[in-house]
file start-v6.txt (compact mmCIF, C-alpha atoms)
# COMPACT_ATOMS: atom_id res chain seq x y z
CA MET A 1 18.56 3.10 20.78
CA LYS A 2 14.97 2.54 19.63
CA LYS A 3 14.50 0.42 16.51
CA VAL A 4 11.48 1.06 14.28
CA ALA A 5 10.06 -1.05 11.46
CA VAL A 6 8.74 1.04 8.54
CA ILE A 7 6.31 -0.52 6.05
CA LEU A 8 6.33 1.00 2.56
CA SER A 9 3.69 0.34 -0.09
CA GLY A 10 5.65 1.09 -3.25
CA CYS A 11 7.01 4.38 -4.58
CA GLY A 12 4.82 7.32 -5.60
CA VAL A 13 1.70 8.93 -4.17
CA TYR A 14 -0.81 7.52 -6.69
CA ASP A 15 0.19 3.85 -6.65
CA GLY A 16 2.70 3.42 -3.81
CA ALA A 17 4.13 5.11 -0.74
CA GLU A 18 3.90 8.91 -0.61
CA ILE A 19 7.56 9.82 -1.07
CA HIS A 20 7.57 13.06 0.93
CA GLU A 21 5.86 11.34 3.86
CA ALA A 22 8.16 8.34 3.74
CA VAL A 23 11.30 10.49 3.65
CA LEU A 24 10.02 12.76 6.44
CA CYS A 25 9.27 9.70 8.58
CA LEU A 26 12.80 8.35 8.08
CA LEU A 27 14.36 11.78 8.63
CA HIS A 28 12.53 12.38 11.91
CA LEU A 29 13.39 8.88 13.14
CA ALA A 30 17.08 9.45 12.40
CA ARG A 31 17.11 12.95 13.89
CA GLN A 32 15.61 11.63 17.12
CA GLY A 33 18.25 8.93 17.43
CA ALA A 34 16.22 5.90 16.34
CA ARG A 35 17.31 3.17 13.97
CA TYR A 36 14.91 1.97 11.30
CA GLN A 37 14.50 -0.85 8.81
CA CYS A 38 12.19 -0.61 5.82
CA PHE A 39 9.98 -3.47 4.66
CA ALA A 40 7.44 -3.99 1.87
CA PRO A 41 5.30 -6.82 0.50
CA ASP A 42 6.99 -8.75 -2.30
CA LYS A 43 4.09 -8.78 -4.77
CA PRO A 44 2.80 -6.96 -7.87
CA GLN A 45 1.24 -3.51 -7.47
CA ARG A 46 -2.53 -3.29 -7.99
CA GLN A 47 -2.02 -0.46 -10.48
CA VAL A 48 0.77 1.49 -12.16
CA ILE A 49 -0.06 5.19 -12.47
CA ASN A 50 1.64 7.77 -14.69
CA HIS A 51 2.41 10.50 -12.15
CA ILE A 52 2.35 13.23 -14.82
CA THR A 53 -1.02 12.44 -16.35
CA GLY A 54 -2.62 10.59 -13.43
CA GLU A 55 -3.69 7.85 -15.83
CA GLU A 56 -3.22 4.11 -15.34
CA GLU A 57 -0.59 2.41 -17.45
CA GLN A 58 -2.54 -0.71 -18.35
CA SER A 59 0.37 -2.55 -19.93
CA SER A 60 2.81 -1.92 -17.05
CA SER A 61 3.54 -4.15 -14.07
CA ARG A 62 5.68 -3.26 -11.06
CA ASN A 63 6.64 -5.00 -7.83
CA VAL A 64 5.82 -3.29 -4.52
CA LEU A 65 9.10 -4.32 -2.87
CA ALA A 66 11.25 -3.34 -5.86
CA GLU A 67 9.56 0.06 -6.10
CA ALA A 68 9.77 0.72 -2.35
CA ALA A 69 13.50 -0.06 -2.54
CA ARG A 70 13.90 3.22 -4.45
CA ILE A 71 12.88 5.17 -1.33
CA ALA A 72 14.92 2.97 1.00
CA ARG A 73 18.03 3.32 -1.20
CA GLY A 74 18.04 -0.45 -1.57
CA ASP A 75 18.12 -1.15 2.17
CA ILE A 76 14.79 -2.96 2.39
CA LYS A 77 13.50 -6.43 3.24
CA PRO A 78 10.43 -8.46 2.27
CA LEU A 79 7.58 -8.03 4.74
CA THR A 80 7.73 -11.77 5.49
CA GLU A 81 11.01 -11.12 7.32
CA LEU A 82 9.52 -8.57 9.73
CA GLN A 83 9.30 -9.92 13.27
CA ALA A 84 7.67 -7.65 15.85
CA ALA A 85 9.97 -9.03 18.55
CA ASP A 86 12.95 -7.39 16.80
CA PHE A 87 11.54 -3.84 16.96
CA ASP A 88 10.29 -1.29 19.46
CA ALA A 89 7.68 0.34 17.21
CA LEU A 90 5.98 0.25 13.81
CA LEU A 91 5.48 3.14 11.36
CA LEU A 92 3.46 3.33 8.15
CA PRO A 93 3.68 6.34 5.81
CA GLY A 94 0.70 6.95 3.54
CA GLY A 95 0.15 7.16 -0.20
CA PHE A 96 -2.48 5.40 -2.31
CA GLY A 97 -0.29 2.30 -2.27
CA VAL A 98 -1.62 1.69 1.24
CA ALA A 99 -5.18 1.60 -0.11
CA LYS A 100 -4.19 -0.44 -3.17
CA ASN A 101 -1.29 -2.69 -2.14
CA LEU A 102 -1.48 -3.07 1.65
CA CYS A 103 -5.26 -3.49 1.53
CA ASP A 104 -8.10 -3.08 -0.98
CA PHE A 105 -9.67 0.08 0.51
CA ALA A 106 -9.38 1.87 -2.84
CA VAL A 107 -11.86 -0.66 -4.26
CA GLN A 108 -13.83 -1.94 -1.27
CA GLY A 109 -14.03 1.05 1.07
CA ALA A 110 -15.48 0.06 4.46
CA ASN A 111 -15.49 -3.60 3.35
CA THR A 112 -11.72 -3.54 2.94
CA GLN A 113 -9.55 -6.52 3.73
CA LEU A 114 -5.87 -6.23 4.53
CA ASP A 115 -3.11 -8.10 2.74
CA ALA A 116 -2.56 -11.20 4.90
CA GLU A 117 1.12 -10.39 5.58
CA VAL A 118 0.32 -6.78 6.49
CA LEU A 119 -2.48 -7.85 8.83
CA ALA A 120 -0.28 -10.42 10.57
CA VAL A 121 2.54 -7.94 11.14
CA CYS A 122 0.33 -5.09 12.37
CA LYS A 123 -1.57 -7.42 14.70
CA ALA A 124 1.72 -8.75 16.08
CA PHE A 125 2.75 -5.23 17.15
CA ALA A 126 -0.72 -4.61 18.59
CA ALA A 127 -0.70 -7.90 20.52
CA ALA A 128 2.72 -7.06 21.98
CA ARG A 129 1.44 -3.57 22.93
CA LYS A 130 4.22 -2.00 20.94
CA PRO A 131 3.46 1.51 19.66
CA ALA A 132 2.45 2.00 16.04
CA GLY A 133 2.15 5.16 13.96
CA TYR A 134 -0.06 5.52 10.89
CA CYS A 135 0.13 8.51 8.49
CA CYS A 136 -2.23 9.93 5.87
CA ILE A 137 -4.51 7.18 4.46
CA SER A 138 -2.80 4.35 6.35
CA PRO A 139 -5.04 4.81 9.43
CA VAL A 140 -7.79 3.02 7.45
CA LEU A 141 -5.90 -0.13 8.47
CA ILE A 142 -6.34 0.62 12.19
CA PRO A 143 -9.94 -0.65 12.65
CA ARG A 144 -8.94 -3.98 11.10
CA VAL A 145 -5.95 -4.34 13.46
CA TYR A 146 -7.31 -3.14 16.81
CA PRO A 147 -10.54 -3.80 18.76
CA ALA A 148 -13.77 -1.92 18.03
CA GLY A 149 -13.74 1.65 19.24
CA VAL A 150 -10.06 2.28 18.53
CA LYS A 151 -9.39 5.96 17.88
CA GLY A 152 -7.67 7.30 14.80
CA THR A 153 -7.71 10.08 12.23
CA ILE A 154 -7.37 10.71 8.54
CA GLY A 155 -8.07 14.42 9.10
CA THR A 156 -11.45 15.74 8.03
CA GLU A 157 -12.27 13.94 4.74
CA ALA A 158 -15.88 12.91 5.33
CA ALA A 159 -16.15 9.78 3.18
CA VAL A 160 -12.99 8.15 4.54
CA ALA A 161 -13.90 9.17 8.10
CA GLU A 162 -17.30 7.52 7.66
CA ALA A 163 -15.64 4.35 6.37
CA PHE A 164 -13.28 4.34 9.38
CA THR A 165 -16.33 4.51 11.66
CA ALA A 166 -18.23 1.88 9.67
CA MET A 167 -15.25 -0.47 10.10
CA GLY A 168 -15.60 -0.16 13.88
CA GLY A 169 -13.15 2.63 14.69
CA GLU A 170 -13.84 5.98 16.35
CA HIS A 171 -12.74 8.69 13.94
CA ILE A 172 -11.43 11.90 15.49
CA GLY A 173 -11.24 15.01 13.30
CA CYS A 174 -7.74 16.43 13.32
CA ALA A 175 -5.74 19.34 11.93
CA VAL A 176 -2.89 18.54 9.55
CA THR A 177 -0.36 19.74 12.13
CA ASP A 178 -1.62 17.49 14.93
CA VAL A 179 -1.98 13.82 15.90
CA VAL A 180 -4.60 11.55 17.46
CA GLU A 181 -3.40 9.03 20.02
CA ASP A 182 -5.26 6.06 21.47
CA SER A 183 -3.26 5.28 24.59
CA ARG A 184 -5.30 2.11 25.25
CA TYR A 185 -3.80 0.46 22.21
CA GLN A 186 -0.56 2.44 21.78
CA VAL A 187 -1.56 3.65 18.31
CA ILE A 188 -1.15 7.16 16.92
CA SER A 189 -2.15 8.76 13.60
CA THR A 190 -1.79 12.04 11.70
CA PRO A 191 -3.49 13.36 8.51
CA ALA A 192 -0.30 14.32 6.59
CA TYR A 193 -1.18 14.69 2.88
CA MET A 194 -4.84 13.83 3.47
CA LEU A 195 -4.92 17.53 4.41
CA ALA A 196 -1.46 19.00 3.82
CA LYS A 197 -1.15 21.69 1.15
CA THR A 198 2.63 21.93 1.54
CA ILE A 199 5.50 19.69 2.59
CA THR A 200 6.01 21.87 5.67
CA GLU A 201 2.45 21.18 6.86
CA ALA A 202 2.96 17.45 6.42
CA ASP A 203 6.30 17.74 8.22
CA THR A 204 4.79 19.29 11.35
CA GLY A 205 2.29 16.49 11.95
CA ILE A 206 4.72 13.72 11.04
CA GLY A 207 7.35 15.24 13.33
CA LYS A 208 4.89 15.19 16.23
CA LEU A 209 3.86 11.62 15.44
CA VAL A 210 7.43 10.30 15.33
CA LYS A 211 8.39 12.14 18.54
CA ARG A 212 5.39 10.71 20.38
CA LEU A 213 5.87 7.25 18.86
CA LEU A 214 9.38 7.05 20.28
CA GLU A 215 8.20 8.36 23.67
CA MET A 216 5.49 5.69 23.82

call {"tool": "encode", "arguments": {"input": "start-v6.txt", "output": "structure tokens"}}
result
Amino acid sequence: MKKVAVILSGCGVYDGAEIHEAVLCLLHLARQGARYQCFAPDKPQRQVINHITGEEEQSSSRNVLAEAARIARGDIKPLTELQAADFDALLLPGGFGVAKNLCDFAVQGANTQLDAEVLAVCKAFAAARKPAGYCCISPVLIPRVYPAGVKGTIGTEAAVAEAFTAMGGEHIGCAVTDVVEDSRYQVISTPAYMLAKTITEADTGIGKLVKRLLEM
């Protein structure tokens, strides 16, 4: 039975992990007979967003691990406990928490730096040539993890695609229902809610990504 590590970035599309994407990732893993363990950085969120108004709650503070635990139904571990040797593959759902809590892309764009723990874990999977899947906005991490020229997709959003290229990656335009795979580095990505208008559109691409991830 394949075992997959899933990194969450909080809870909620605007300041954490995209909940639909995260749940779809876990559902497809389980349906295809894989085991998974969720992880998240144990640190404060960069922002707390009111998901009704879209406005920042300046006086609020939340912890990425504690928020991600809501999605994982409490079965989650600090990212410091994630050892690549214990897993067959890595999977990262999207959500703005990736760009705010796993790295600083939301602020720095192409000059983004990854959280040190996130970078260490992702590089460990890459060094071991273990497959990794990145959904939605999380592919912006790929050029910081893999060598120059690595292929990935965030769909067709021009500004983010340009940043991906500026960071050293090769961005491949992609439909919401499809995936982009770089077999040299065992890394695969799908646009998900970077393009999806409905949960069913996101589901199709994520389903393909998880299926291929487990085959790799």

call {"tool": "residues_around", "arguments": {"input": "start-v6.txt", "residues": "Lys100 (chain A)", "least_positions_apart": "2", "cutoff": "9 Å", "atoms": "all atoms listed in the file", "output": "PyMOL selection string"}}
result
chain A and resi 9+15-16+45-47+96-98+102-107

call {"tool": "atom_distance", "arguments": {"input": "start-v6.txt", "atom1": "CA of Asn63 (chain A)", "atom2": "CA of Gly10 (chain A)"}}
result
7.7 Å

call {"tool": "closest_residue", "arguments": {"input": "start-v6.txt", "among": "A:Cys136, A:Val160, A:Ile172, A:Ile52", "to": "Gly94 (chain A)", "atoms": "all atoms listed in the file"}}
result
A:Cys136

call {"tool": "closest_residue", "arguments": {"input": "start-v6.txt", "among": "A:Pro93, A:Gly152, A:Gly54, A:Gly133", "to": "Lys208 (chain A)", "atoms": "all atoms listed in the file"}}
result
A:Gly133

call {"tool": "residues_around", "arguments": {"input": "start-v6.txt", "residues": "region 117-123 of chain A", "least_positions_apart": "5", "cutoff": "10 Å", "atoms": "only C-alpha atoms", "output": "ChimeraX atom specification"}}
result
/A:7,40-42,79-84,90-92,101-103,128-130,132,141-142,144-146

call {"tool": "axis_aligned_box", "arguments": {"input": "start-v6.txt", "around": "region 46-50 of chain A", "padding_each_side": "8 Å", "output": "JSON"}}
result
{"center_x": -0.4, "center_y": 2.2, "center_z": -11.3, "size_x": 20.2, "size_y": 27.1, "size_z": 22.7}

call {"tool": "closest_residue", "arguments": {"input": "start-v6.txt", "among": "A:Gln37, A:Thr153, A:Thr204, A:Thr198", "to": "Asp88 (chain A)", "atoms": "only C-alpha atoms"}}
result
A:Gln37

call {"tool": "closest_residue", "arguments": {"input": "start-v6.txt", "among": "A:Ile188, A:Asp178, A:Glu215, A:Ala161", "to": "Gly33 (chain A)", "atoms": "all atoms listed in the file"}}
result
A:Glu215

call {"tool": "residues_around", "arguments": {"input": "start-v6.txt", "residues": "Ala69 (chain A)", "least_positions_apart": "2", "cutoff": "9 Å", "atoms": "all atoms listed in the file", "output": "list in words"}}
result
Leu8, Gly10, Cys11, Cys38, Phe39, Ala40, Val64, Leu65, Ala66, Glu67, Ile71, Ala72, Arg73, Gly74, Asp75, Ile76 and Lys77 of chain A

call {"tool": "write_last_selection", "arguments": {"input": "start-v6.txt", "atoms": "C-alpha atoms", "output": "PDB file, in the coordinates of the input"}}
result
ATOM      1  CA  LEU A   8       6.330   1.000   2.560  1.00  0.00           C
ATOM      2  CA  GLY A  10       5.650   1.090  -3.250  1.00  0.00           C
ATOM      3  CA  CYS A  11       7.010   4.380  -4.580  1.00  0.00           C
ATOM      4  CA  CYS A  38      12.190  -0.610   5.820  1.00  0.00           C
ATOM      5  CA  PHE A  39       9.980  -3.470   4.660  1.00  0.00           C
ATOM      6  CA  ALA A  40       7.440  -3.990   1.870  1.00  0.00           C
ATOM      7  CA  VAL A  64       5.820  -3.290  -4.520  1.00  0.00           C
ATOM      8  CA  LEU A  65       9.100  -4.320  -2.870  1.00  0.00           C
ATOM      9  CA  ALA A  66      11.250  -3.340  -5.860  1.00  0.00           C
ATOM     10  CA  GLU A  67       9.560   0.060  -6.100  1.00  0.00           C
ATOM     11  CA  ILE A  71      12.880   5.170  -1.330  1.00  0.00           C
ATOM     12  CA  ALA A  72      14.920   2.970   1.000  1.00  0.00           C
ATOM     13  CA  ARG A  73      18.030   3.320  -1.200  1.00  0.00           C
ATOM     14  CA  GLY A  74      18.040  -0.450  -1.570  1.00  0.00           C
ATOM     15  CA  ASP A  75      18.120  -1.150   2.170  1.00  0.00           C
ATOM     16  CA  ILE A  76      14.790  -2.960   2.390  1.00  0.00           C
ATOM     17  CA  LYS A  77      13.500  -6.430   3.240  1.00  0.00           C
TER      18      LYS A  77
END

call {"tool": "atom_distance", "arguments": {"input": "start-v6.txt", "atom1": "CA of Gly95 (chain A)", "atom2": "CA of Gly205 (chain A)"}}
result
15.5 Å
